[in-house]
Amino acid sequence: MKTDEPKGIWSYLLSRDARMTIILPIIIYNASFWLWSAGAALVLTALYSGVVELYAKERSSLSIVLLILVSGVCHYLYLHGYTLLGIRQESVFLSVSGALSVVVVFMFYSFIGRPFIRGLAEKSMPRLKTIPAYGTPAYSKVWRELSFLWIVIYLIKAVFIYQVSYHKGLPVELFVLLAGWPLTLAMVFFSFYWPKYRWSSIESINKS
């Protein structure tokens, strides 16, 4: 069962769909935040996502935008004095709230039967829709497993960062950094490689 894994990921990140639903929303949010305020960043990003959804030829879930908005709301509340679990250090707050945002968004998409990572994978690798496993219970099961794994990992991240932030002498900023983009990148790559292994395992069990 061969898929264009690494090539598919990078091709998708360079595609128009990725520019519209991932790259531009991130740029709009961050540029608006630094130029004006967190509130302006949220409003402009939400307006942008609405326009994209309205004029898109294919209805997209815009799941990345939802994740940005949930994280943005948390940051907005923090900047206005509403803290989470008494966290005062901004980097720790952003790390914990960002992890919990992932948990909430992944749980939402799992609940409606459209696992977050499945949508991203199918857009980056259209060939997934042509493999023998596509449309089978095993195909859906693997994406549900991955969603559950993301939820568990990011819950662990939130608890871990929260706990170490209260231990003086520990390199909290280093832990926040490692649990940031390196963890996300590792999870994304794992999520593209793991399904192939699982589907092969399930096929082997069914044949035996």
# chains A, B, ... in the order shown; residues from 1 in each chain; ligands from 1
call {"tool": "closest_atom_pairs", "arguments": {"of": "region 37-96 of chain A", "to": "region 153-174 of chain A", "cutoff": "9 Å", "atoms": "only C-alpha atoms", "output": "CSV"}}
result
residue,atom,partner,partner_atom,distance
A:Leu85,CA,A:Tyr162,CA,8.8
A:Ile87,CA,A:Tyr162,CA,8.0
A:Gln89,CA,A:Ser165,CA,8.5
A:Ser91,CA,A:Glu173,CA,7.5
A:Val92,CA,A:Ile161,CA,6.8
A:Phe93,CA,A:Tyr162,CA,8.3
A:Ser95,CA,A:Ala158,CA,7.1
A:Val96,CA,A:Ala158,CA,4.6
call {"tool": "write_last_selection", "arguments": {"atoms": "C-alpha atoms", "output": "CSV table (one decimal), in the first residue's frame"}}
result
chain,number,residue,atom,x,y,z
A,85,LEU,CA,-5.6,27.7,36.7
A,87,ILE,CA,-1.1,30.7,35.6
A,89,GLN,CA,3.6,33.3,33.2
A,91,SER,CA,4.6,31.4,27.8
A,92,VAL,CA,3.2,28.7,30.2
A,93,PHE,CA,-0.3,30.0,29.8
A,95,SER,CA,1.5,26.5,26.0
A,96,VAL,CA,-1.2,25.0,28.3
call {"tool": "closest_atom_pairs", "arguments": {"of": "region 77-147 of chain A", "to": "region 30-44 of chain A", "cutoff": "10 Å", "atoms": "only C-alpha atoms", "output": "tab-separated table"}}
result
residue	atom	partner	partner_atom	distance
A:Leu77	CA	A:Ala38	CA	9.1
A:Leu79	CA	A:Ala38	CA	8.1
A:His80	CA	A:Ala38	CA	9.8
call {"tool": "write_last_selection", "arguments": {"atoms": "N, CA and C atoms", "output": "PDB file, in the first residue's frame"}}
result
ATOM      1  N   LEU A  77      -8.366  36.480  26.410  1.00  0.00           N
ATOM      2  CA  LEU A  77      -8.838  36.488  27.799  1.00  0.00           C
ATOM      3  C   LEU A  77      -7.680  36.679  28.766  1.00  0.00           C
ATOM      4  N   LEU A  79      -4.860  38.278  28.198  1.00  0.00           N
ATOM      5  CA  LEU A  79      -4.403  39.668  28.131  1.00  0.00           C
ATOM      6  C   LEU A  79      -5.350  40.624  28.843  1.00  0.00           C
ATOM      7  N   HIS A  80      -6.578  40.160  29.062  1.00  0.00           N
ATOM      8  CA  HIS A  80      -7.558  40.994  29.762  1.00  0.00           C
ATOM      9  C   HIS A  80      -7.777  40.540  31.206  1.00  0.00           C
TER      10      HIS A  80
END
call {"tool": "residues_around", "arguments": {"residues": "Tyr139 (chain A)", "least_positions_apart": "6", "cutoff": "9 Å", "atoms": "only C-alpha atoms", "output": "list in words"}}
result
Ala133, Pro195 and Trp199 of chain A
call {"tool": "write_last_selection", "arguments": {"atoms": "C-alpha atoms", "output": "PDB file, in the first residue's frame"}}
result
ATOM      1  CA  ALA A 133      -8.790   0.351   2.833  1.00  0.00           C
ATOM      2  CA  PRO A 195      -2.096   4.659   9.290  1.00  0.00           C
ATOM      3  CA  TRP A 199      -3.979  -0.807   7.748  1.00  0.00           C
TER       4      TRP A 199
END
call {"tool": "closest_residue", "arguments": {"among": "A:Leu94, A:Cys74, A:Leu24, A:Val102", "to": "Ser147 (chain A)", "atoms": "only C-alpha atoms"}}
result
A:Val102
